[in-house]
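To be precise, the following lines are input25.csv, and they hold CSV, C-alpha atoms.
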```csv
chain,number,residue,atom,x,y,z
M,1,THR,CA,-17.6,-57.9,59.5
M,2,ASN,CA,-19.3,-59.8,56.7
M,3,ALA,CA,-21.7,-57.0,55.9
M,4,VAL,CA,-19.9,-53.8,56.7
M,5,ILE,CA,-20.8,-50.9,54.5
M,6,GLY,CA,-20.2,-47.2,54.1
M,7,THR,CA,-21.7,-44.0,52.8
M,8,ALA,CA,-21.7,-40.2,53.0
M,9,ARG,CA,-20.2,-38.4,56.1
M,10,LYS,CA,-22.5,-35.5,55.4
M,11,HIS,CA,-26.1,-35.5,54.3
M,12,GLN,CA,-27.1,-32.3,52.5
M,13,GLU,CA,-29.5,-31.7,49.7
M,14,VAL,CA,-27.9,-32.4,46.3
M,15,PRO,CA,-29.6,-32.9,42.9
M,16,LEU,CA,-29.8,-36.5,41.8
M,17,ASN,CA,-27.8,-36.1,38.6
M,18,LYS,CA,-24.8,-37.9,37.1
M,19,THR,CA,-22.5,-35.0,36.4
M,20,SER,CA,-22.4,-33.1,39.7
M,21,THR,CA,-19.0,-32.8,41.4
M,22,THR,CA,-17.6,-31.1,44.4
M,23,ASP,CA,-15.0,-28.4,44.2
M,24,GLN,CA,-13.0,-29.7,47.1
M,25,ASN,CA,-12.7,-33.2,45.7
M,26,ILE,CA,-10.4,-34.0,42.8
M,27,SER,CA,-11.2,-37.5,41.4
M,28,LYS,CA,-8.4,-39.8,40.6
M,29,SER,CA,-8.7,-41.7,37.3
M,30,ASN,CA,-8.4,-45.5,37.4
M,31,TYR,CA,-8.5,-45.5,41.2
M,32,PHE,CA,-9.9,-49.0,41.4
M,33,VAL,CA,-8.6,-51.4,38.8
M,34,ALA,CA,-9.0,-55.1,38.0
M,35,LYS,CA,-6.6,-56.6,35.5
M,36,ASN,CA,-7.4,-60.0,33.9
M,37,ILE,CA,-8.7,-61.5,37.1
M,38,GLN,CA,-9.6,-65.2,37.1
M,39,ALA,CA,-11.4,-66.9,40.0
M,40,GLU,CA,-14.0,-69.6,40.6
M,41,GLY,CA,-16.9,-68.8,38.2
M,42,LEU,CA,-15.2,-65.6,36.9
M,43,HIS,CA,-13.0,-65.3,33.9
M,44,GLU,CA,-10.8,-62.5,32.4
M,45,ILE,CA,-12.3,-59.7,34.6
M,46,SER,CA,-10.9,-56.3,33.8
M,47,PHE,CA,-12.3,-52.9,34.6
M,48,THR,CA,-11.4,-49.4,35.9
M,49,VAL,CA,-13.3,-47.2,38.2
M,50,ASP,CA,-12.5,-43.6,39.0
M,51,GLN,CA,-12.5,-42.1,42.5
M,52,GLY,CA,-16.0,-40.8,43.2
M,53,GLU,CA,-17.5,-42.7,40.3
M,54,ILE,CA,-20.6,-44.9,40.6
M,55,LEU,CA,-20.2,-48.0,38.4
M,56,GLY,CA,-23.3,-50.1,37.8
M,57,ILE,CA,-22.8,-53.8,37.3
M,58,TYR,CA,-25.6,-55.4,35.3
M,59,GLY,CA,-26.3,-58.9,34.0
M,60,LEU,CA,-28.9,-61.5,34.0
M,61,ASN,CA,-29.2,-64.1,36.8
M,62,GLY,CA,-26.1,-66.3,36.6
M,63,SER,CA,-24.0,-63.6,35.0
M,64,GLY,CA,-21.6,-63.5,37.9
M,65,ARG,CA,-22.4,-60.0,39.0
M,66,SER,CA,-22.8,-60.8,42.7
M,67,ARG,CA,-19.9,-63.2,42.7
M,68,LEU,CA,-17.7,-60.4,41.4
M,69,LEU,CA,-18.6,-58.2,44.5
M,70,ARG,CA,-17.8,-61.2,46.7
M,71,LEU,CA,-14.4,-61.5,45.0
M,72,LEU,CA,-13.7,-57.8,45.5
M,73,TYR,CA,-14.5,-58.1,49.2
M,74,GLY,CA,-12.1,-61.0,49.7
M,75,ASP,CA,-14.8,-63.7,50.0
M,76,LEU,CA,-13.5,-65.4,46.9
M,77,LYS,CA,-9.8,-66.1,46.1
M,78,ILE,CA,-8.2,-64.4,43.1
M,79,GLU,CA,-6.4,-67.2,41.2
M,80,LEU,CA,-4.9,-65.0,38.5
M,81,GLY,CA,-4.7,-61.3,37.7
M,82,GLN,CA,-4.3,-58.2,39.8
M,83,LEU,CA,-6.4,-55.8,41.8
M,84,LEU,CA,-5.1,-52.3,42.4
M,85,ILE,CA,-6.3,-49.5,44.6
M,86,ASP,CA,-4.8,-46.0,43.9
M,87,GLY,CA,-2.0,-47.6,41.9
M,88,ASN,CA,-1.1,-50.2,44.6
M,89,ILE,CA,-1.4,-53.9,44.0
M,90,THR,CA,-3.8,-55.3,46.6
M,91,LYS,CA,-4.4,-58.9,47.7
M,92,PHE,CA,-7.2,-60.0,49.9
M,93,ASN,CA,-7.0,-63.4,51.7
M,94,ASN,CA,-10.3,-62.8,53.5
M,95,PRO,CA,-13.0,-60.1,54.1
M,96,GLN,CA,-11.0,-58.6,57.0
M,97,ASP,CA,-8.2,-57.8,54.6
M,98,ALA,CA,-10.6,-55.9,52.3
M,99,PHE,CA,-12.1,-54.2,55.3
M,100,ASN,CA,-8.7,-53.0,56.5
M,101,SER,CA,-8.0,-51.7,53.0
M,102,GLY,CA,-11.0,-49.4,53.1
M,103,ILE,CA,-13.5,-51.6,51.2
M,104,ALA,CA,-17.0,-51.9,52.6
M,105,TYR,CA,-19.7,-54.4,51.4
M,106,LEU,CA,-23.4,-54.4,51.7
M,107,SER,CA,-24.9,-57.9,51.1
M,108,GLU,CA,-28.3,-58.2,49.5
M,109,GLU,CA,-29.3,-60.4,52.4
M,110,ARG,CA,-29.3,-57.7,55.1
M,111,LYS,CA,-31.3,-59.8,57.6
M,112,ARG,CA,-28.8,-62.7,57.3
M,113,ASP,CA,-25.5,-60.8,56.9
M,114,GLY,CA,-26.1,-57.2,57.7
M,115,PHE,CA,-27.1,-56.7,61.4
M,116,VAL,CA,-27.6,-58.3,64.8
M,117,PRO,CA,-31.4,-58.4,65.1
M,118,LEU,CA,-31.7,-58.0,68.8
M,119,MET,CA,-29.3,-55.0,69.0
M,120,ASN,CA,-30.7,-51.5,68.5
M,121,SER,CA,-29.8,-49.3,65.6
M,122,GLY,CA,-26.9,-47.4,67.4
M,123,GLU,CA,-25.3,-50.6,68.6
M,124,ASN,CA,-25.4,-52.1,65.1
M,125,VAL,CA,-23.9,-48.9,63.6
M,126,THR,CA,-20.9,-48.9,65.9
M,127,LEU,CA,-20.3,-52.6,66.1
M,128,PRO,CA,-17.4,-52.7,63.6
M,129,ILE,CA,-15.6,-49.8,65.2
M,130,LEU,CA,-15.9,-50.4,68.9
M,131,LYS,CA,-12.2,-49.8,69.4
M,132,LEU,CA,-12.7,-46.1,68.7
M,133,PHE,CA,-14.8,-45.8,71.9
M,134,LYS,CA,-12.5,-47.7,74.3
M,135,ARG,CA,-10.3,-45.9,76.8
M,136,LEU,CA,-7.0,-47.7,77.5
M,137,ARG,CA,-8.3,-50.3,75.0
M,138,ILE,CA,-10.4,-51.8,77.7
M,139,ILE,CA,-13.3,-49.6,79.0
M,140,LEU,CA,-16.1,-48.8,76.5
M,141,ASN,CA,-17.3,-45.3,76.6
M,142,HIS,CA,-21.0,-46.0,76.1
M,143,GLN,CA,-22.1,-42.3,76.0
M,144,LEU,CA,-19.6,-41.4,73.3
M,145,ARG,CA,-20.6,-44.4,71.3
M,146,LYS,CA,-24.3,-43.5,71.6
M,147,GLU,CA,-23.8,-39.9,70.6
M,148,PHE,CA,-21.7,-40.9,67.6
M,149,ALA,CA,-24.3,-43.3,66.3
M,150,GLU,CA,-27.2,-41.0,66.9
M,151,LYS,CA,-25.6,-38.3,64.8
M,152,LEU,CA,-25.1,-40.6,61.9
M,153,ILE,CA,-28.6,-42.1,62.2
M,154,ASN,CA,-30.2,-38.7,62.3
M,155,ASN,CA,-28.3,-37.5,59.3
M,156,LEU,CA,-29.8,-40.3,57.3
M,157,SER,CA,-33.3,-39.7,58.5
M,158,VAL,CA,-33.8,-43.1,60.0
M,159,ARG,CA,-37.4,-43.4,61.4
M,160,GLY,CA,-38.9,-45.7,63.9
M,161,ASN,CA,-38.1,-46.9,67.5
M,162,LEU,CA,-34.3,-46.5,67.5
M,163,LYS,CA,-34.0,-47.8,71.0
M,164,GLY,CA,-35.6,-51.1,70.3
M,165,PRO,CA,-34.2,-54.1,68.3
M,166,ILE,CA,-33.3,-53.1,64.7
M,167,SER,CA,-35.4,-56.1,63.5
M,168,ARG,CA,-38.6,-54.1,64.4
M,169,LEU,CA,-37.8,-51.3,61.9
M,170,SER,CA,-39.1,-51.2,58.4
M,171,GLY,CA,-36.9,-52.6,55.6
M,172,GLY,CA,-36.1,-49.2,54.3
M,173,ASN,CA,-35.0,-47.9,57.7
M,174,GLN,CA,-33.0,-51.1,58.4
M,175,GLN,CA,-31.2,-50.4,55.2
M,176,LYS,CA,-30.5,-46.8,56.1
M,177,VAL,CA,-29.0,-48.0,59.4
M,178,LEU,CA,-26.7,-50.3,57.5
M,179,PHE,CA,-25.5,-47.4,55.4
M,180,ALA,CA,-24.9,-45.5,58.6
M,181,LYS,CA,-22.8,-48.4,59.8
M,182,GLY,CA,-20.6,-48.0,56.7
M,183,LEU,CA,-20.4,-44.2,57.1
M,184,ALA,CA,-18.8,-44.8,60.5
M,185,GLN,CA,-16.0,-46.7,58.8
M,186,LYS,CA,-15.3,-44.0,56.2
M,187,PRO,CA,-14.6,-46.4,53.3
M,188,LYS,CA,-12.7,-45.7,50.2
M,189,ILE,CA,-14.7,-48.2,48.1
M,190,LEU,CA,-18.3,-49.2,48.6
M,191,LEU,CA,-19.7,-52.4,47.2
M,192,LEU,CA,-23.5,-52.6,47.0
M,193,ASP,CA,-25.4,-55.8,46.1
M,194,GLU,CA,-29.1,-55.0,45.5
M,195,PRO,CA,-29.1,-52.0,47.8
M,196,THR,CA,-32.9,-51.4,47.7
M,197,LYS,CA,-34.1,-55.0,47.6
M,198,GLY,CA,-37.5,-55.4,49.2
M,199,ILE,CA,-38.1,-51.8,50.3
M,200,ASP,CA,-40.7,-49.3,49.3
M,201,ILE,CA,-40.4,-46.6,46.6
M,202,GLY,CA,-40.0,-43.7,49.1
M,203,SER,CA,-37.2,-45.4,50.9
M,204,LYS,CA,-35.5,-46.2,47.6
M,205,ARG,CA,-35.4,-42.6,46.7
M,206,GLU,CA,-33.8,-41.7,50.1
M,207,ILE,CA,-31.2,-44.5,49.6
M,208,TYR,CA,-30.4,-43.3,46.1
M,209,LYS,CA,-29.6,-39.9,47.6
M,210,ILE,CA,-27.3,-41.5,50.2
M,211,ILE,CA,-25.4,-43.4,47.5
M,212,LYS,CA,-25.1,-40.2,45.4
M,213,ASP,CA,-23.8,-38.3,48.4
M,214,ALA,CA,-21.3,-40.9,49.1
M,215,ALA,CA,-19.8,-40.5,45.7
M,216,ARG,CA,-20.2,-36.8,45.1
M,217,LYS,CA,-19.5,-35.4,48.5
M,218,ASP,CA,-17.1,-37.9,50.0
M,219,ASN,CA,-15.5,-39.1,46.8
M,220,ILE,CA,-16.2,-42.7,47.6
M,221,THR,CA,-15.9,-45.1,44.7
M,222,VAL,CA,-19.1,-47.1,44.4
M,223,LEU,CA,-19.8,-50.4,42.6
M,224,VAL,CA,-23.5,-51.3,42.6
M,225,VAL,CA,-25.1,-54.5,41.5
M,226,SER,CA,-28.8,-54.4,40.7
M,227,SER,CA,-31.2,-56.6,38.8
M,228,GLU,CA,-33.4,-53.5,38.4
M,229,GLU,CA,-32.5,-51.7,35.1
M,230,GLU,CA,-34.1,-48.5,36.2
M,231,GLU,CA,-32.0,-48.5,39.4
M,232,ILE,CA,-28.8,-49.0,37.5
M,233,LEU,CA,-29.7,-46.1,35.1
M,234,THR,CA,-30.7,-43.9,38.0
M,235,LEU,CA,-27.5,-44.4,40.0
M,236,ALA,CA,-24.6,-45.3,37.7
M,237,ASP,CA,-22.3,-42.9,35.8
M,238,ASN,CA,-21.1,-45.9,33.8
M,239,VAL,CA,-22.3,-49.5,33.4
M,240,LEU,CA,-20.4,-52.8,33.2
M,241,ILE,CA,-22.2,-55.7,31.5
M,242,MET,CA,-21.6,-59.2,32.6
M,243,LYS,CA,-22.5,-62.6,31.1
M,244,ALA,CA,-21.5,-66.1,32.1
M,245,GLY,CA,-18.8,-64.9,34.5
M,246,LYS,CA,-17.2,-62.5,32.1
M,247,VAL,CA,-17.2,-58.7,31.5
M,248,ILE,CA,-18.6,-57.9,28.1
M,249,GLY,CA,-16.6,-55.1,26.5
M,250,ASP,CA,-15.7,-51.9,28.3
M,251,LYS,CA,-17.9,-49.9,30.7
M,252,ILE,CA,-20.6,-47.9,29.0
M,253,ASN,CA,-21.5,-44.3,29.8
M,254,SER,CA,-25.1,-44.4,31.2
M,255,LYS,CA,-26.1,-41.1,29.7
M,256,GLY,CA,-28.7,-41.9,27.0
M,257,LEU,CA,-28.9,-45.6,27.8
M,258,SER,CA,-32.3,-47.2,28.0
M,259,ILE,CA,-33.7,-50.3,29.7
M,260,ILE,CA,-33.9,-51.9,26.3
M,261,ASP,CA,-30.2,-51.1,25.7
M,262,LEU,CA,-29.2,-52.8,28.9
M,263,ARG,CA,-31.2,-56.0,28.2
M,264,ARG,CA,-29.8,-56.1,24.6
M,265,PHE,CA,-26.2,-55.7,25.8
M,266,SER,CA,-26.7,-58.4,28.4
M,267,LEU,CA,-27.8,-60.9,25.7
M,268,VAL,CA,-24.9,-60.1,23.3
M,269,SER,CA,-22.4,-62.9,22.7
M,270,SER,CA,-19.1,-62.7,24.7
M,271,GLY,CA,-17.3,-63.8,21.5
M,272,GLY,CA,-16.1,-67.0,23.0
M,273,ASN,CA,-13.1,-65.2,24.7
```
Translate this file's structure into structure tokens.
Amino acid sequence: TNAVIGTARKHQEVPLNKTSTTDQNISKSNYFVAKNIQAEGLHEISFTVDQGEILGIYGLNGSGRSRLLRLLYGDLKIELGQLLIDGNITKFNNPQDAFNSGIAYLSEERKRDGFVPLMNSGENVTLPILKLFKRLRIILNHQLRKEFAEKLINNLSVRGNLKGPISRLSGGNQQKVLFAKGLAQKPKILLLDEPTKGIDIGSKREIYKIIKDAARKDNITVLVVSSEEEEILTLADNVLIMKAGKVIGDKINSKGLSIIDLRRFSLVSSGGN
């Protein structure tokens, strides 16, 4: 389960803007909270994310941005501080604990961590939730599993030979399959590390829509790390700046921010705190 992820349960047209909301979903403020967390390579990490919010995490190489996602997914141990989900203190000893708490993670190394290369798309999508398709906890209902996966894959417009090994699909379609894999798990919180790394511009646009739908339609809380300033500004409602393993200041509303602003903030001194 090292690369389980999640996204929207429905896939309908929605404008790519930062202010759209859904009538049926009421966001909870401070849904995901870190309080003064200390861990290996991370210091005094504090932030809040609302339900249905997309928080961009930006910093230069070595800032600790990807390390922070690993910590939130239980791959690094919290030494001091608290992590809360919906007001409840949460402690992860390993990624399975985070997975069980409704946190899904997409590694930037999808070929290494994300899928089983020789399995087809549907098999990869349903791998983390096989128990849902077992009768008497023993017999696997292959037809139900296949229909479930096909519906998700079609909703995300995955193209290519879906019956063959996933490794034969293009990078963009592989990435969409991984988002479908997370959709199947219905996560509360989605952690994305470089979600469009190495894919073409057209596929990027489609994946941006998937991420937006996850937040706007399903009220999933999304934290996204990206080294691409334009991607951060396109996706994020608010931006958290990191430098040298620390969060610099409070999160910043992305409205009106420029690429130059992001670079300037990432170079600012942390004040020695």
Point to revise | Within 12 Å of Ser101 (chain M) using only C-alpha atoms, minus same-chain residues under 3 positions, as a ChimeraX atom specification | key: /M:72-74,84-86,88-98,104,185-190
Exercise for review: Quick one: everything within 7 Å of Met242 (chain M), counting only C-alpha atoms, minus sequence neighbours fewer than 6 positions away in the same chain. Send it as a VMD selection string.
Suggested key: chain M and resid 58 to 59 63 to 65 248 266
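Taking all atoms listed in the file into account, the polymer residues that have an atom no farther than 9 Å from (-15.1, -72.2, 43.2) are Ala39, Glu40, Gly41, Leu76 and Lys77 of chain M.
Within 8 Å of region 162-166 of chain M, once all atoms listed in the file are used and residues closer than 6 positions along the same chain are dropped, the contacting residues are Phe115, Val116, Pro117, Leu118, Met119, Asn120, Ser121, Gly122, Asn124 and Gln174 of chain M.
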Review point. Closest to Asp250 (chain M) among M:Phe265, M:Tyr208, M:Thr221, M:Ala214, using all atoms listed in the file?
Key: M:Phe265
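You will find CA of Val33 (chain M) at 7.4 Å from CA of Ser46 (chain M).
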Exercise: Lys28 (chain M) partners within 12 Å, all atoms listed in the file, chain neighbours under 6 positions left out, as a compact mmCIF listing (two decimals) with C-alpha atoms, keeping the file's coordinate frame:
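That gives us selection.txt:
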```
# COMPACT_ATOMS: atom_id res chain seq x y z
CA THR M 48 -11.40 -49.40 35.90
CA VAL M 49 -13.30 -47.20 38.20
CA ASP M 50 -12.50 -43.60 39.00
CA GLN M 51 -12.50 -42.10 42.50
CA GLY M 52 -16.00 -40.80 43.20
CA GLU M 53 -17.50 -42.70 40.30
CA ILE M 85 -6.30 -49.50 44.60
CA ASP M 86 -4.80 -46.00 43.90
CA GLY M 87 -2.00 -47.60 41.90
CA ASN M 219 -15.50 -39.10 46.80
CA ILE M 220 -16.20 -42.70 47.60
CA THR M 221 -15.90 -45.10 44.70
```
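The two atoms in question, CA of Arg205 (chain M) and CA of Pro128 (chain M), are spaced 26.7 Å apart.
By chain and then residue number, the residues within 9 Å of region 192-197 of chain M are Ile5, Arg65, Ser66, Leu69, Ala104, Tyr105, Leu106, Ser107, Glu108, Glu109, Gly171, Gly172, Gln175, Ile201, Ser203, Lys204, Ile207, Tyr208, Val222, Leu223, Val224, Val225, Ser226, Ser227, Glu228 and Glu231 of chain M, counting only C-alpha atoms and disregarding those fewer than 4 positions away in sequence.
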Point to revise | Point-to-point distance from CA of Ser157 (chain M) to CA of Gly202 (chain M), Å rounded to tenths | key: 12.2 Å
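Distance check against Phe32 (chain M) using all atoms listed in the file: of M:Leu127, M:Leu80, M:Leu55, M:Ile210, the minimum falls on M:Leu55.
Here the question is which of M:Val247, M:Glu147, M:Thr234, M:Gly256 gets nearest to Lys35 (chain M) using only C-alpha atoms, and that residue is M:Val247.
When all atoms listed in the file are used to measure the gap to Leu68 (chain M), the shortest distance among M:Lys255, M:Lys209, M:Arg216, M:Lys243 belongs to M:Lys243.
Using only C-alpha atoms, the smallest distance between any of M:Asn61, M:Asp200, M:Leu71, M:Leu235 and Ile103 (chain M) comes from M:Leu71.
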Supply region 142-153 of chain M as a CSV table (one decimal), in the frame of the given file, with all heavy atoms built in where the input has gaps.
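The resulting part_29.csv:
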```
chain,number,residue,atom,x,y,z
M,142,HIS,N,-19.7,-45.7,76.6
M,142,HIS,CA,-21.0,-46.0,76.1
M,142,HIS,C,-21.7,-44.7,75.6
M,142,HIS,O,-22.4,-44.6,74.6
M,142,HIS,CB,-21.9,-46.7,77.1
M,142,HIS,CG,-21.5,-48.1,77.4
M,142,HIS,ND1,-21.8,-49.1,76.5
M,142,HIS,CD2,-20.8,-48.6,78.4
M,142,HIS,CE1,-21.3,-50.2,77.0
M,142,HIS,NE2,-20.7,-50.0,78.1
M,143,GLN,N,-21.5,-43.6,76.4
M,143,GLN,CA,-22.1,-42.3,76.0
M,143,GLN,C,-21.5,-41.8,74.7
M,143,GLN,O,-22.3,-41.3,73.8
M,143,GLN,CB,-21.8,-41.3,77.1
M,143,GLN,CG,-22.5,-39.9,76.9
M,143,GLN,CD,-24.1,-40.1,76.8
M,143,GLN,OE1,-24.7,-41.0,77.4
M,143,GLN,NE2,-24.7,-39.2,76.1
M,144,LEU,N,-20.2,-41.8,74.5
M,144,LEU,CA,-19.6,-41.4,73.3
M,144,LEU,C,-20.1,-42.2,72.1
M,144,LEU,O,-20.4,-41.7,71.0
M,144,LEU,CB,-18.1,-41.5,73.4
M,144,LEU,CG,-17.3,-41.0,72.2
M,144,LEU,CD1,-17.5,-39.5,72.0
M,144,LEU,CD2,-15.8,-41.2,72.4
M,145,ARG,N,-20.2,-43.5,72.3
M,145,ARG,CA,-20.6,-44.4,71.3
M,145,ARG,C,-22.1,-44.1,70.9
M,145,ARG,O,-22.4,-44.0,69.7
M,145,ARG,CB,-20.6,-45.9,71.8
M,145,ARG,CG,-21.1,-46.9,70.8
M,145,ARG,CD,-21.2,-48.3,71.5
M,145,ARG,NE,-21.6,-49.3,70.5
M,145,ARG,CZ,-21.9,-50.6,70.9
M,145,ARG,NH1,-21.8,-51.0,72.2
M,145,ARG,NH2,-22.3,-51.5,70.0
M,146,LYS,N,-22.9,-43.8,71.9
M,146,LYS,CA,-24.3,-43.5,71.6
M,146,LYS,C,-24.4,-42.2,70.8
M,146,LYS,O,-25.2,-42.1,69.9
M,146,LYS,CB,-25.1,-43.4,73.0
M,146,LYS,CG,-26.5,-43.0,72.8
M,146,LYS,CD,-27.2,-42.9,74.2
M,146,LYS,CE,-28.6,-42.5,74.1
M,146,LYS,NZ,-29.3,-42.3,75.4
M,147,GLU,N,-23.7,-41.2,71.2
M,147,GLU,CA,-23.8,-39.9,70.6
M,147,GLU,C,-23.3,-40.0,69.1
M,147,GLU,O,-23.9,-39.3,68.2
M,147,GLU,CB,-23.0,-38.8,71.4
M,147,GLU,CG,-23.6,-38.5,72.7
M,147,GLU,CD,-22.7,-37.6,73.6
M,147,GLU,OE1,-21.5,-37.3,73.1
M,147,GLU,OE2,-23.1,-37.2,74.7
M,148,PHE,N,-22.2,-40.7,68.9
M,148,PHE,CA,-21.7,-40.9,67.6
M,148,PHE,C,-22.7,-41.5,66.7
M,148,PHE,O,-23.0,-41.1,65.6
M,148,PHE,CB,-20.4,-41.8,67.7
M,148,PHE,CG,-19.8,-42.0,66.4
M,148,PHE,CD1,-18.8,-41.2,65.9
M,148,PHE,CD2,-20.1,-43.1,65.6
M,148,PHE,CE1,-18.1,-41.4,64.7
M,148,PHE,CE2,-19.5,-43.4,64.4
M,148,PHE,CZ,-18.5,-42.5,63.9
M,149,ALA,N,-23.3,-42.6,67.1
M,149,ALA,CA,-24.3,-43.3,66.3
M,149,ALA,C,-25.5,-42.5,66.1
M,149,ALA,O,-26.1,-42.5,65.0
M,149,ALA,CB,-24.7,-44.6,67.0
M,150,GLU,N,-26.0,-41.8,67.1
M,150,GLU,CA,-27.2,-41.0,66.9
M,150,GLU,C,-27.1,-39.9,65.9
M,150,GLU,O,-28.0,-39.6,65.1
M,150,GLU,CB,-27.6,-40.3,68.3
M,150,GLU,CG,-28.3,-41.3,69.3
M,150,GLU,CD,-28.6,-40.6,70.6
M,150,GLU,OE1,-28.2,-39.5,70.8
M,150,GLU,OE2,-29.3,-41.3,71.4
M,151,LYS,N,-25.9,-39.3,65.8
M,151,LYS,CA,-25.6,-38.3,64.8
M,151,LYS,C,-25.7,-38.8,63.4
M,151,LYS,O,-26.4,-38.2,62.5
M,151,LYS,CB,-24.2,-37.6,65.1
M,151,LYS,CG,-23.9,-36.5,64.1
M,151,LYS,CD,-22.6,-35.9,64.4
M,151,LYS,CE,-22.3,-34.7,63.5
M,151,LYS,NZ,-21.0,-34.1,63.8
M,152,LEU,N,-25.1,-40.0,63.2
M,152,LEU,CA,-25.1,-40.6,61.9
M,152,LEU,C,-26.6,-41.0,61.5
M,152,LEU,O,-27.0,-40.8,60.4
M,152,LEU,CB,-24.2,-41.8,61.8
M,152,LEU,CG,-22.7,-41.6,62.0
M,152,LEU,CD1,-22.0,-42.9,61.9
M,152,LEU,CD2,-22.2,-40.6,61.0
M,153,ILE,N,-27.2,-41.6,62.4
M,153,ILE,CA,-28.6,-42.1,62.2
M,153,ILE,C,-29.5,-40.9,61.8
M,153,ILE,O,-30.4,-41.0,60.9
M,153,ILE,CB,-29.1,-42.9,63.4
M,153,ILE,CG1,-28.4,-44.3,63.4
M,153,ILE,CG2,-30.6,-43.1,63.3
M,153,ILE,CD1,-28.6,-45.0,64.7
```
